[in-house]
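> The structure that follows is given in the form of structure tokens.
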Amino acid sequence: MGNGPVQDSAEEWEVVGSRTSFHGKVWDITTDEVVMPDGKVSARDYQQHTGAVGVLALNEAGEALLVRQYRHPVRQKLWELPAGLLDVPGEHPLKAAQRELYEEAHHEAGDWRVLVDIYPSPGGSSEAIRVFLARNVSEVSGERFEAEGEELDLELRWVPLDEMVRGILAGELHNAAMVTAALAAKAALAGDGLDALRPADAAWPARPFE
């Protein structure tokens with residue numbers, strides 16, 4: 001058993017062939033022929049994903065701003081964080097998160113930190129999500145962003161962090177980014193405090209930016 005730090009590390013096994021079988025509007029499906037440790041070659045299908053950002057907006061009362069949105073693949077309306085794809089070329093992840101908080105929730109924040117970085121489904125997707133913690137949150141004045149698609153039916157609610165954790169442990173809340181962020185925020189509050197979190201411009205090896 002090793003005694004070093006428990007942390008993920010970059011490593012890339014040899015790929016001897018690759019093909020893309022599906023080109024979608026948002027992501028593609030790729031099959032790589034990967035050399036295994038025993039020298040054999042195995043096919044690995046996965047989703048090529050742009051990546052995404054999410055925002056846990058927390059007010060002084062310990063409540064998070066959640067959105068409820070229909071997700072067709074699971075045929076459910078899920079409570080989620082304001083979030084969105086990194087689909088604007090050259091956009092900094094923080095700017096993307098600020099944009100999503102405005103577009104989905106019509107709010108802005110004065111203090112931003114990195115809360116957690118996750119791969120929600122690394123066995124089948126290259127998707128990487130960075131979740132920011134936003135504080136000093138206030139509603140934006142002026143007209144709201146014009147929604148479309150599933151976002152036409154969004155519901156907003158301030159939910160106590162403790163209630164979110166209870167719902168997660170009871171099996172009532174399921175969105176991966178929201179579940180991870182709520183538990184991470186609860187752990188941070190119980191430990192060294194939210195001020196110990198990484199700055200909003202902390203490096204993100206999964207989606208490098210300048």
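FYI, nothing fancy with the structure tokens labels: chains A, B, ... in order, residues from 1 per chain, ligands from 1 as they appear.
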Contacts of Ser42 in chain A at 9 Å or less, counting only C-alpha atoms, minus same-chain residues fewer than 3 places along, as a PDB file with all heavy atoms, in the first residue's frame?

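As written to disk, out-v5.pdb reads:
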ATOM      1  N   ASP A  32     -12.048   4.367 -29.764  1.00  0.00           N
ATOM      2  CA  ASP A  32     -10.593   4.251 -29.797  1.00  0.00           C
ATOM      3  C   ASP A  32     -10.186   2.801 -29.604  1.00  0.00           C
ATOM      4  O   ASP A  32     -10.803   2.071 -28.817  1.00  0.00           O
ATOM      5  CB  ASP A  32      -9.940   5.087 -28.686  1.00  0.00           C
ATOM      6  CG  ASP A  32      -9.984   6.579 -28.964  1.00  0.00           C
ATOM      7  OD1 ASP A  32     -10.265   6.957 -30.118  1.00  0.00           O
ATOM      8  OD2 ASP A  32      -9.744   7.362 -28.019  1.00  0.00           O
ATOM      9  N   GLU A  33      -9.147   2.378 -30.299  1.00  0.00           N
ATOM     10  CA  GLU A  33      -8.541   1.060 -30.096  1.00  0.00           C
ATOM     11  C   GLU A  33      -7.346   1.268 -29.152  1.00  0.00           C
ATOM     12  O   GLU A  33      -6.333   1.851 -29.547  1.00  0.00           O
ATOM     13  CB  GLU A  33      -8.083   0.469 -31.428  1.00  0.00           C
ATOM     14  CG  GLU A  33      -9.199   0.302 -32.453  1.00  0.00           C
ATOM     15  CD  GLU A  33     -10.212  -0.765 -32.052  1.00  0.00           C
ATOM     16  OE1 GLU A  33      -9.818  -1.704 -31.322  1.00  0.00           O
ATOM     17  OE2 GLU A  33     -11.375  -0.675 -32.475  1.00  0.00           O
ATOM     18  N   VAL A  34      -7.492   0.808 -27.915  1.00  0.00           N
ATOM     19  CA  VAL A  34      -6.538   1.126 -26.853  1.00  0.00           C
ATOM     20  C   VAL A  34      -5.728  -0.111 -26.464  1.00  0.00           C
ATOM     21  O   VAL A  34      -6.284  -1.206 -26.279  1.00  0.00           O
ATOM     22  CB  VAL A  34      -7.274   1.669 -25.609  1.00  0.00           C
ATOM     23  CG1 VAL A  34      -6.275   2.123 -24.545  1.00  0.00           C
ATOM     24  CG2 VAL A  34      -8.190   2.835 -25.992  1.00  0.00           C
ATOM     25  N   VAL A  35      -4.417   0.067 -26.315  1.00  0.00           N
ATOM     26  CA  VAL A  35      -3.536  -1.020 -25.908  1.00  0.00           C
ATOM     27  C   VAL A  35      -3.627  -1.205 -24.395  1.00  0.00           C
ATOM     28  O   VAL A  35      -3.345  -0.282 -23.621  1.00  0.00           O
ATOM     29  CB  VAL A  35      -2.078  -0.736 -26.324  1.00  0.00           C
ATOM     30  CG1 VAL A  35      -1.175  -1.885 -25.878  1.00  0.00           C
ATOM     31  CG2 VAL A  35      -1.970  -0.520 -27.828  1.00  0.00           C
ATOM     32  N   MET A  36      -4.027  -2.403 -23.963  1.00  0.00           N
ATOM     33  CA  MET A  36      -4.169  -2.736 -22.554  1.00  0.00           C
ATOM     34  C   MET A  36      -2.801  -3.101 -21.950  1.00  0.00           C
ATOM     35  O   MET A  36      -1.828  -3.325 -22.674  1.00  0.00           O
ATOM     36  CB  MET A  36      -5.147  -3.898 -22.387  1.00  0.00           C
ATOM     37  CG  MET A  36      -6.548  -3.608 -22.888  1.00  0.00           C
ATOM     38  SD  MET A  36      -7.453  -2.426 -21.855  1.00  0.00           S
ATOM     39  CE  MET A  36      -7.555  -1.022 -22.985  1.00  0.00           C
TER      40      MET A  36
END
> Find the residue from A:Ala96, A:Leu58, A:Ala52, A:Ala109 that sits nearest to Lys186 in chain A; use only C-alpha atoms when measuring.
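With only C-alpha atoms as the atom set, the closest residue is A:Leu58.
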> Please extract the residues of range 48-193 of chain A with a backbone DSSP assignment of helix (DSSP H, G or I) and present them as a PyMOL selection string.
chain A and resi 72-74+93-105+149-153+161-169+176-190
> For the selection just defined, write its residues with C-alpha atoms to a file, as a short mmCIF file (atom, residue, chain, number, x, y, z; two decimals), in the first residue's frame.

data_model
loop_
_atom_site.label_atom_id
_atom_site.label_comp_id
_atom_site.auth_asym_id
_atom_site.auth_seq_id
_atom_site.Cartn_x
_atom_site.Cartn_y
_atom_site.Cartn_z
CA HIS A 72 -35.50 13.93 -21.49
CA PRO A 73 -33.04 10.97 -21.32
CA VAL A 74 -34.16 10.20 -17.73
CA PRO A 93 -14.76 29.06 -17.45
CA LEU A 94 -15.47 31.79 -14.89
CA LYS A 95 -17.06 33.99 -17.55
CA ALA A 96 -19.12 31.02 -18.71
CA ALA A 97 -20.33 30.43 -15.14
CA GLN A 98 -21.23 34.09 -14.69
CA ARG A 99 -23.12 34.00 -17.97
CA GLU A 100 -25.06 30.90 -16.95
CA LEU A 101 -26.00 32.37 -13.57
CA TYR A 102 -27.41 35.39 -15.39
CA GLU A 103 -29.13 33.52 -18.22
CA GLU A 104 -30.74 30.75 -16.16
CA ALA A 105 -31.34 32.50 -12.84
CA GLY A 149 -36.20 24.83 -25.34
CA GLU A 150 -36.27 23.14 -21.94
CA GLU A 151 -35.32 26.43 -20.26
CA LEU A 152 -38.75 27.87 -21.07
CA ASP A 153 -40.09 25.75 -18.20
CA LEU A 161 -28.00 23.58 1.97
CA ASP A 162 -28.98 21.26 4.82
CA GLU A 163 -32.23 20.41 3.02
CA MET A 164 -30.27 19.61 -0.13
CA VAL A 165 -27.98 17.24 1.76
CA ARG A 166 -30.98 15.54 3.38
CA GLY A 167 -32.60 15.10 -0.05
CA ILE A 168 -29.38 13.69 -1.52
CA LEU A 169 -28.99 11.10 1.23
CA ALA A 176 -24.39 14.71 -10.34
CA ALA A 177 -22.95 18.23 -10.32
CA MET A 178 -25.49 19.47 -7.79
CA VAL A 179 -25.02 16.45 -5.50
CA THR A 180 -21.23 16.79 -5.57
CA ALA A 181 -21.32 20.56 -5.06
CA ALA A 182 -23.75 20.41 -2.14
CA LEU A 183 -21.72 17.79 -0.29
CA ALA A 184 -18.46 19.64 -1.06
CA ALA A 185 -19.88 22.93 0.26
CA LYS A 186 -21.16 21.21 3.39
CA ALA A 187 -17.72 19.67 3.97
CA ALA A 188 -15.98 23.01 3.39
CA LEU A 189 -18.26 24.76 5.87
CA ALA A 190 -17.57 22.06 8.46
#
> Could the residues of range 86-145 of chain A that have an atom at most 12 Å from range 3-12 of chain A be listed as JSON lines, each with its closest atom pair and the distance in Å to one decimal, counting only C-alpha atoms and ordered by chain and ascending residue number?

{"residue": "A:Asp117", "atom": "CA", "partner": "A:Asp8", "partner_atom": "CA", "distance": 11.7}
{"residue": "A:Ile118", "atom": "CA", "partner": "A:Asp8", "partner_atom": "CA", "distance": 11.2}
{"residue": "A:Tyr119", "atom": "CA", "partner": "A:Asp8", "partner_atom": "CA", "distance": 11.3}
> Using only C-alpha atoms, which residue out of A:Leu86, A:Gly54, A:Gln69, A:Gly124 lies closest to Thr30 in chain A?
A:Gly124
> Would you mind listing what lies within 7 Å of Pro199 in chain A as a list in words, with only C-alpha atoms counted and same-chain residues fewer than 3 positions away left out?
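Those residues are Arg113, Val114 and Ala202 of chain A.
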> What are the DSSP strand (DSSP E or B) residues of range 70-149 of chain A, as an NGL selection string?
:A and (70-71 or 76-80 or 83-85 or 107-118 or 125 or 129-139)
> Pick out the closest residue to Leu115 in chain A from this set: A:His174, A:Trp27, A:Ala57, A:Leu65. Count only C-alpha atoms.
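Closest to Leu115 in chain A, using only C-alpha atoms: A:Ala57.
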